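The next block is data_26.cif, given as mmCIF, C-alpha atoms.
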data_coords
loop_
_atom_site.label_atom_id
_atom_site.label_comp_id
_atom_site.auth_asym_id
_atom_site.auth_seq_id
_atom_site.Cartn_x
_atom_site.Cartn_y
_atom_site.Cartn_z
CA MET L 130 92.57 43.26 58.50
CA GLU L 131 94.62 41.76 61.33
CA VAL L 132 93.22 44.31 63.78
CA TRP L 133 89.67 43.23 62.93
CA ILE L 134 90.58 39.56 63.28
CA ARG L 135 92.05 40.22 66.74
CA ARG L 136 89.00 42.25 67.82
CA ILE L 137 86.61 39.53 66.68
CA ASP L 138 88.74 36.89 68.42
CA ILE L 139 88.61 38.93 71.66
CA LEU L 140 84.82 39.22 71.33
CA ASN L 141 84.48 35.46 70.78
CA LYS L 142 86.80 34.73 73.70
CA SER L 143 84.72 36.96 75.97
CA ILE L 144 81.47 35.32 74.91
CA GLY L 145 82.94 31.82 75.21
CA HIS L 146 84.35 32.48 78.66
CA ALA L 147 81.09 34.10 79.83
CA PHE L 148 79.01 31.11 78.76
CA SER L 149 81.52 28.63 80.19
CA TRP L 150 80.14 29.55 83.60
CA CYS L 151 77.02 27.62 82.61
CA VAL L 152 79.01 24.46 83.42
CA LEU L 153 79.27 25.41 87.09
CA ILE L 154 75.63 26.44 87.34
CA LEU L 155 74.58 23.27 85.53
CA THR L 156 76.71 21.10 87.83
CA ALA L 157 75.41 22.78 90.99
CA SER L 158 71.78 22.58 89.91
CA THR L 159 72.12 18.93 88.92
CA CYS L 160 73.76 18.06 92.26
CA PHE L 161 70.98 19.93 94.05
CA GLU L 162 68.35 18.01 92.07
CA VAL L 163 70.00 14.65 92.84
CA PHE L 164 70.14 15.54 96.54
CA MET L 165 66.50 16.65 96.56
CA ARG L 166 65.29 13.64 94.59
CA TYR L 167 67.24 10.79 96.20
CA VAL L 168 68.01 12.04 99.70
CA LEU L 169 64.94 14.13 100.55
CA ASN L 170 62.57 12.34 98.14
CA SER L 171 61.31 15.74 96.93
CA PRO L 172 62.33 16.34 93.29
CA THR L 173 62.25 19.85 91.87
CA VAL L 174 59.98 20.88 89.02
CA TRP L 175 62.57 23.12 87.34
CA ALA L 176 65.74 21.00 87.17
CA PHE L 177 65.06 19.32 83.83
CA ASP L 178 64.22 22.60 82.10
CA MET L 179 67.22 24.33 83.61
CA SER L 180 69.60 21.57 82.56
CA TYR L 181 68.63 21.48 78.88
CA MET L 182 68.42 25.27 78.65
CA LEU L 183 71.84 25.84 80.24
CA TYR L 184 73.44 23.07 78.20
CA GLY L 185 71.81 24.37 75.03
CA ALA L 186 72.92 27.93 75.70
CA MET L 187 76.47 26.84 76.49
CA PHE L 188 76.68 24.61 73.42
CA MET L 189 75.24 27.19 71.02
CA MET L 190 77.25 30.14 72.30
CA SER L 191 80.56 28.29 72.34
CA GLY L 192 80.53 27.69 68.58
CA ALA L 193 82.10 31.02 67.61
CA TYR L 194 84.69 30.67 70.36
CA ALA L 195 85.64 27.19 69.11
CA LEU L 196 85.86 28.51 65.54
CA SER L 197 88.14 31.36 66.60
CA ARG L 198 90.43 28.84 68.36
CA ASN L 199 90.38 26.41 65.40
CA SER L 200 89.04 23.67 67.64
CA HIS L 201 86.12 22.35 65.64
CA VAL L 202 86.51 18.74 64.65
CA ARG L 203 87.87 18.16 61.19
CA GLY L 204 89.16 15.15 59.29
CA ASP L 205 92.50 16.68 58.45
CA PHE L 206 94.69 13.70 57.62
CA PHE L 207 95.30 15.20 54.15
CA TYR L 208 94.85 18.85 55.06
CA ARG L 209 97.61 19.04 57.67
CA ASN L 210 100.27 18.06 55.10
CA TRP L 211 99.29 20.73 52.57
CA PRO L 212 101.15 24.04 52.28
CA ASN L 213 99.57 26.91 54.25
CA ARG L 214 98.38 28.72 51.12
CA THR L 215 96.62 25.58 49.85
CA GLN L 216 94.97 25.12 53.24
CA ALA L 217 93.81 28.74 53.19
CA LYS L 218 92.41 28.46 49.65
CA VAL L 219 90.51 25.27 50.49
CA ASP L 220 89.21 26.77 53.74
CA LEU L 221 88.12 29.93 51.94
CA ALA L 222 86.19 27.96 49.33
CA LEU L 223 84.57 25.75 51.96
CA TYR L 224 83.49 28.75 54.03
CA PHE L 225 81.56 30.13 51.07
CA VAL L 226 80.20 26.78 49.83
CA PHE L 227 79.14 25.25 53.17
CA PHE L 228 79.69 27.45 56.22
CA PHE L 229 78.04 30.73 55.26
CA PRO L 230 74.91 29.18 53.66
CA GLY L 231 74.36 27.11 56.81
CA ILE L 232 74.96 30.04 59.13
CA PHE L 233 72.70 32.35 57.11
CA ALA L 234 69.99 29.69 57.38
CA MET L 235 70.60 29.50 61.13
CA VAL L 236 70.36 33.28 61.53
CA PHE L 237 67.25 33.57 59.36
CA THR L 238 65.40 30.58 60.84
CA GLY L 239 66.63 31.30 64.37
CA GLY L 240 65.37 34.86 64.04
CA GLN L 241 61.96 33.60 62.97
CA TYR L 242 61.82 31.07 65.84
CA ALA L 243 62.94 33.69 68.35
CA TYR L 244 60.42 36.27 67.15
CA GLU L 245 57.50 33.85 67.15
CA SER L 246 58.47 32.36 70.51
CA ALA L 247 58.83 35.81 72.13
CA ARG L 248 55.59 36.99 70.53
CA ILE L 249 53.58 34.22 72.20
CA LEU L 250 55.79 34.14 75.34
CA GLU L 251 56.38 30.44 74.78
CA SER L 252 56.98 28.34 77.87
CA SER L 253 58.12 24.76 78.43
CA VAL L 254 55.56 21.99 78.24
CA ASN L 255 58.07 19.45 79.61
CA SER L 256 57.47 20.26 83.26
CA PRO L 257 54.82 21.75 85.51
CA ALA L 258 57.03 24.80 86.17
CA GLY L 259 56.23 26.28 82.75
CA VAL L 260 59.68 27.84 82.38
CA PRO L 261 59.89 30.44 79.57
CA VAL L 262 61.51 28.97 76.44
CA TRP L 263 61.69 32.11 74.32
CA PRO L 264 65.07 33.23 75.76
CA LEU L 265 66.62 29.91 74.71
CA LYS L 266 65.19 30.23 71.20
CA SER L 267 66.62 33.75 71.03
CA ILE L 268 70.05 32.22 71.63
CA ILE L 269 69.74 30.34 68.31
CA PHE L 270 69.66 33.69 66.51
CA VAL L 271 72.40 35.26 68.65
CA ALA L 272 74.66 32.21 68.22
CA GLY L 273 74.13 32.42 64.46
CA VAL L 274 75.17 36.06 64.46
CA THR L 275 78.29 35.32 66.52
CA LEU L 276 79.19 32.47 64.16
CA LEU L 277 78.66 34.78 61.20
CA ILE L 278 81.07 37.32 62.70
CA ALA L 279 83.58 34.58 63.57
CA GLY L 280 83.30 33.25 60.01
CA ALA L 281 84.10 36.71 58.65
CA ALA L 282 87.26 36.71 60.79
CA GLU L 283 88.19 33.27 59.45
CA VAL L 284 87.75 34.47 55.87
CA MET L 285 90.05 37.41 56.65
CA ARG L 286 92.51 34.98 58.26
CA CYS L 287 92.47 32.88 55.06
CA LEU L 288 93.09 35.98 52.91
CA VAL L 289 96.05 36.98 55.08
CA CYS L 290 97.47 33.47 54.80
CA ILE L 291 97.04 33.42 51.02
CA ARG L 292 98.86 36.74 50.83
CA THR L 293 101.69 35.98 53.29
CA GLY L 294 101.93 32.19 53.26
CA GLU L 295 101.62 32.03 57.08
CA TRP L 296 98.63 31.56 59.36
CA LEU L 297 98.03 34.28 61.92
CA SER L 298 98.50 33.11 65.48
CA ARG L 299 95.39 32.35 67.47
CA GLY L 300 94.52 32.99 71.08
CA SER L 301 96.51 31.03 73.60
CA ASP L 302 94.00 30.46 76.37
CA VAL L 303 93.57 26.83 75.27
CA GLU L 304 95.84 24.31 73.61
CA GLU L 305 94.81 21.42 71.42
CA LEU L 306 96.01 18.14 72.91
CA GLU L 307 97.42 17.06 69.56
CA GLN L 308 99.59 20.19 69.38
CA VAL L 309 100.81 19.71 72.96
CA LEU L 310 101.75 16.09 72.21
CA ILE L 311 103.54 17.07 68.98
CA GLN L 312 105.48 19.75 70.84
CA GLN L 313 106.41 17.34 73.65
CA HIS L 314 107.55 14.76 71.11
CA ALA L 315 109.66 17.33 69.28
CA GLU L 316 111.28 18.45 72.55
CA LYS L 317 112.00 14.84 73.49
CA GLU L 318 113.56 14.17 70.06
CA SER L 319 115.76 17.27 70.23
CA SER L 320 117.18 16.43 73.66
#
Structure encoded using structure tokens:
Amino acid sequence: MEVWIRRIDILNKSIGHAFSWCVLILTASTCFEVFMRYVLNSPTVWAFDMSYMLYGAMFMMSGAYALSRNSHVRGDFFYRNWPNRTQAKVDLALYFVFFFPGIFAMVFTGGQYAYESARILESSVNSPAGVPVWPLKSIIFVAGVTLLIAGAAEVMRCLVCIRTGEWLSRGSDVEELEQVLIQQHAEKESS
């Protein structure tokens, strides 16, 4: 099971890192639009469409990455003090009660939206450029599938924790600020 969790985490890391490049493209295109609009007084017709599509793609495709790194927001003022096995049991129940029904709805509805949008070759009505929208709607379905796969890894992670009493380590390419501050405080206290 641990091998599958690691493979899924690597997949999610790769997807998250690939879509993180949208930030640079989004920043460059926005700077270009500001320059064109306010310096040359010649705004582009594609900047608005590009900005919401890139931001939407980045936001949607980073969900599975955030889940694999345990960085979604949670109100864990009770949760953090529970034993690991209790946390895992609660997480496992909540995945089946809330997470998977929502993600299945996202996959099903996103698939319908993507199919219909691609069928009619839907384009944006927000600007005169008429940028195709169907690729963005396809990302709803793809993001749902990646979240479904990431959720399966989280269920396996919960089962391992229930069995062993310890959470499996997660990827180390990012650190939660709270964890860094706790570690710094512990180091300061020990010295």
Report the centre and edge lengths, in Å to one decimal, of an axis-aligned box enclosing every atom of range 215-224 of chain L listed in the file, padded by 6 Å on each side, as AutoDock Vina command-line options.
--center_x 90.1 --center_y 27.5 --center_z 51.7 --size_x 25.1 --size_y 16.8 --size_z 16.7
Could you tell me, as a PyMOL selection string, exactly which residues end up selected when the PyMOL selection byres ((chain L and resi 219) around 12) is applied to this structure? chain L and resi 205+207-209+211-218+220-227+284+287-288+290-291
Report the residues retrieved by the PyMOL selection byres ((chain L and resi 136) around 12) from the displayed file, expressed as JSON, numbers by chain. {"L": [130, 131, 132, 133, 134, 135, 137, 138, 139, 140, 141, 142, 143, 197, 278, 279, 281, 282, 299, 300]}
Between CA of Ser298 in chain L and CA of Gln313 in chain L, what is the spacing in Å? 19.4 Å
So that I can check the surroundings of Gln308 in chain L, please list as a count of residues only every protein, DNA and RNA residue that reaches within 12 Å of it, counting only C-alpha atoms and ignoring chain neighbours fewer than 6 positions away. 5
Written as a PyMOL selection string, what is the full residue list that the PyMOL selection byres ((chain L and resi 231-234) around 10) yields on the file shown? chain L and resi 224-230+235-240+270+272-277+280
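Atom to atom, CA of Met187 in chain L and CA of Val271 in chain L stand 12.2 Å apart.
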CA of Phe188 in chain L sits from CA of Leu265 in chain L at a separation of 11.4 Å
Under the rule that all atoms listed in the file are counted, which of L:Cys151, L:Leu306, L:Ile269, L:Met285 is the nearest residue to Tyr244 in chain L?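 Using all atoms listed in the file, Tyr244 in chain L sits closest to L:Ile269.
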Residue neighbourhood Ala247 in chain L, 12 Å, only C-alpha atoms, exclusion window fewer than 5 positions, as number ranges by chain: L: 239-242, 252, 261-268
Return the single residue from L:Arg166, L:Lys317, L:Arg286, L:His146 that is closest to Asp302 in chain L, with distances computed using all atoms listed in the file. L:His146
Output requested as a PDB file, keeping the file's coordinate frame - range 186-197 of chain L, filled out with all heavy atoms.
ATOM      1  N   ALA L 186      72.313  26.602  75.807  1.00  0.00           N
ATOM      2  CA  ALA L 186      72.920  27.930  75.700  1.00  0.00           C
ATOM      3  C   ALA L 186      74.438  27.826  75.630  1.00  0.00           C
ATOM      4  O   ALA L 186      75.085  28.467  74.792  1.00  0.00           O
ATOM      5  CB  ALA L 186      72.509  28.790  76.894  1.00  0.00           C
ATOM      6  N   MET L 187      75.020  27.002  76.483  1.00  0.00           N
ATOM      7  CA  MET L 187      76.470  26.840  76.490  1.00  0.00           C
ATOM      8  C   MET L 187      76.963  26.265  75.165  1.00  0.00           C
ATOM      9  O   MET L 187      77.928  26.750  74.580  1.00  0.00           O
ATOM     10  CB  MET L 187      76.875  25.920  77.644  1.00  0.00           C
ATOM     11  CG  MET L 187      78.366  25.712  77.764  1.00  0.00           C
ATOM     12  SD  MET L 187      78.794  24.621  79.127  1.00  0.00           S
ATOM     13  CE  MET L 187      78.035  23.093  78.611  1.00  0.00           C
ATOM     14  N   PHE L 188      76.295  25.257  74.666  1.00  0.00           N
ATOM     15  CA  PHE L 188      76.680  24.610  73.420  1.00  0.00           C
ATOM     16  C   PHE L 188      76.571  25.571  72.239  1.00  0.00           C
ATOM     17  O   PHE L 188      77.488  25.690  71.431  1.00  0.00           O
ATOM     18  CB  PHE L 188      75.806  23.377  73.190  1.00  0.00           C
ATOM     19  CG  PHE L 188      76.139  22.619  71.947  1.00  0.00           C
ATOM     20  CD1 PHE L 188      77.221  21.758  71.920  1.00  0.00           C
ATOM     21  CD2 PHE L 188      75.368  22.774  70.803  1.00  0.00           C
ATOM     22  CE1 PHE L 188      77.530  21.057  70.760  1.00  0.00           C
ATOM     23  CE2 PHE L 188      75.674  22.085  69.657  1.00  0.00           C
ATOM     24  CZ  PHE L 188      76.756  21.220  69.630  1.00  0.00           C
ATOM     25  N   MET L 189      75.462  26.280  72.155  1.00  0.00           N
ATOM     26  CA  MET L 189      75.240  27.190  71.020  1.00  0.00           C
ATOM     27  C   MET L 189      76.216  28.366  71.055  1.00  0.00           C
ATOM     28  O   MET L 189      76.774  28.742  70.030  1.00  0.00           O
ATOM     29  CB  MET L 189      73.808  27.726  71.042  1.00  0.00           C
ATOM     30  CG  MET L 189      72.736  26.686  70.834  1.00  0.00           C
ATOM     31  SD  MET L 189      72.717  26.018  69.190  1.00  0.00           S
ATOM     32  CE  MET L 189      72.154  27.405  68.273  1.00  0.00           C
ATOM     33  N   MET L 190      76.425  28.940  72.210  1.00  0.00           N
ATOM     34  CA  MET L 190      77.250  30.140  72.300  1.00  0.00           C
ATOM     35  C   MET L 190      78.751  29.855  72.290  1.00  0.00           C
ATOM     36  O   MET L 190      79.542  30.777  72.181  1.00  0.00           O
ATOM     37  CB  MET L 190      76.870  30.952  73.535  1.00  0.00           C
ATOM     38  CG  MET L 190      75.469  31.537  73.460  1.00  0.00           C
ATOM     39  SD  MET L 190      75.138  32.542  71.995  1.00  0.00           S
ATOM     40  CE  MET L 190      76.221  33.922  72.283  1.00  0.00           C
ATOM     41  N   SER L 191      79.128  28.603  72.398  1.00  0.00           N
ATOM     42  CA  SER L 191      80.560  28.290  72.340  1.00  0.00           C
ATOM     43  C   SER L 191      81.041  28.022  70.921  1.00  0.00           C
ATOM     44  O   SER L 191      82.244  27.888  70.694  1.00  0.00           O
ATOM     45  CB  SER L 191      80.865  27.078  73.234  1.00  0.00           C
ATOM     46  OG  SER L 191      80.224  25.922  72.718  1.00  0.00           O
ATOM     47  N   GLY L 192      80.148  27.990  69.964  1.00  0.00           N
ATOM     48  CA  GLY L 192      80.530  27.690  68.580  1.00  0.00           C
ATOM     49  C   GLY L 192      81.496  28.703  67.982  1.00  0.00           C
ATOM     50  O   GLY L 192      82.498  28.337  67.362  1.00  0.00           O
ATOM     51  N   ALA L 193      81.227  29.983  68.166  1.00  0.00           N
ATOM     52  CA  ALA L 193      82.100  31.020  67.610  1.00  0.00           C
ATOM     53  C   ALA L 193      83.451  31.011  68.319  1.00  0.00           C
ATOM     54  O   ALA L 193      84.492  31.224  67.692  1.00  0.00           O
ATOM     55  CB  ALA L 193      81.441  32.393  67.731  1.00  0.00           C
ATOM     56  N   TYR L 194      83.442  30.754  69.616  1.00  0.00           N
ATOM     57  CA  TYR L 194      84.690  30.670  70.360  1.00  0.00           C
ATOM     58  C   TYR L 194      85.541  29.505  69.828  1.00  0.00           C
ATOM     59  O   TYR L 194      86.735  29.651  69.585  1.00  0.00           O
ATOM     60  CB  TYR L 194      84.399  30.485  71.846  1.00  0.00           C
ATOM     61  CG  TYR L 194      85.610  30.197  72.689  1.00  0.00           C
ATOM     62  CD1 TYR L 194      86.534  31.196  72.979  1.00  0.00           C
ATOM     63  CD2 TYR L 194      85.842  28.925  73.189  1.00  0.00           C
ATOM     64  CE1 TYR L 194      87.649  30.935  73.756  1.00  0.00           C
ATOM     65  CE2 TYR L 194      86.951  28.661  73.964  1.00  0.00           C
ATOM     66  CZ  TYR L 194      87.851  29.659  74.239  1.00  0.00           C
ATOM     67  OH  TYR L 194      88.957  29.395  75.001  1.00  0.00           O
ATOM     68  N   ALA L 195      84.907  28.352  69.633  1.00  0.00           N
ATOM     69  CA  ALA L 195      85.640  27.190  69.110  1.00  0.00           C
ATOM     70  C   ALA L 195      86.174  27.482  67.711  1.00  0.00           C
ATOM     71  O   ALA L 195      87.300  27.089  67.380  1.00  0.00           O
ATOM     72  CB  ALA L 195      84.734  25.965  69.095  1.00  0.00           C
ATOM     73  N   LEU L 196      85.396  28.166  66.896  1.00  0.00           N
ATOM     74  CA  LEU L 196      85.860  28.510  65.540  1.00  0.00           C
ATOM     75  C   LEU L 196      87.059  29.442  65.605  1.00  0.00           C
ATOM     76  O   LEU L 196      88.033  29.260  64.871  1.00  0.00           O
ATOM     77  CB  LEU L 196      84.726  29.146  64.744  1.00  0.00           C
ATOM     78  CG  LEU L 196      85.014  29.463  63.281  1.00  0.00           C
ATOM     79  CD1 LEU L 196      85.375  28.192  62.512  1.00  0.00           C
ATOM     80  CD2 LEU L 196      83.811  30.142  62.645  1.00  0.00           C
ATOM     81  N   SER L 197      87.026  30.417  66.501  1.00  0.00           N
ATOM     82  CA  SER L 197      88.140  31.360  66.600  1.00  0.00           C
ATOM     83  C   SER L 197      89.407  30.695  67.131  1.00  0.00           C
ATOM     84  O   SER L 197      90.509  31.197  66.911  1.00  0.00           O
ATOM     85  CB  SER L 197      87.764  32.549  67.481  1.00  0.00           C
ATOM     86  OG  SER L 197      87.734  32.191  68.839  1.00  0.00           O
TER      87      SER L 197
END
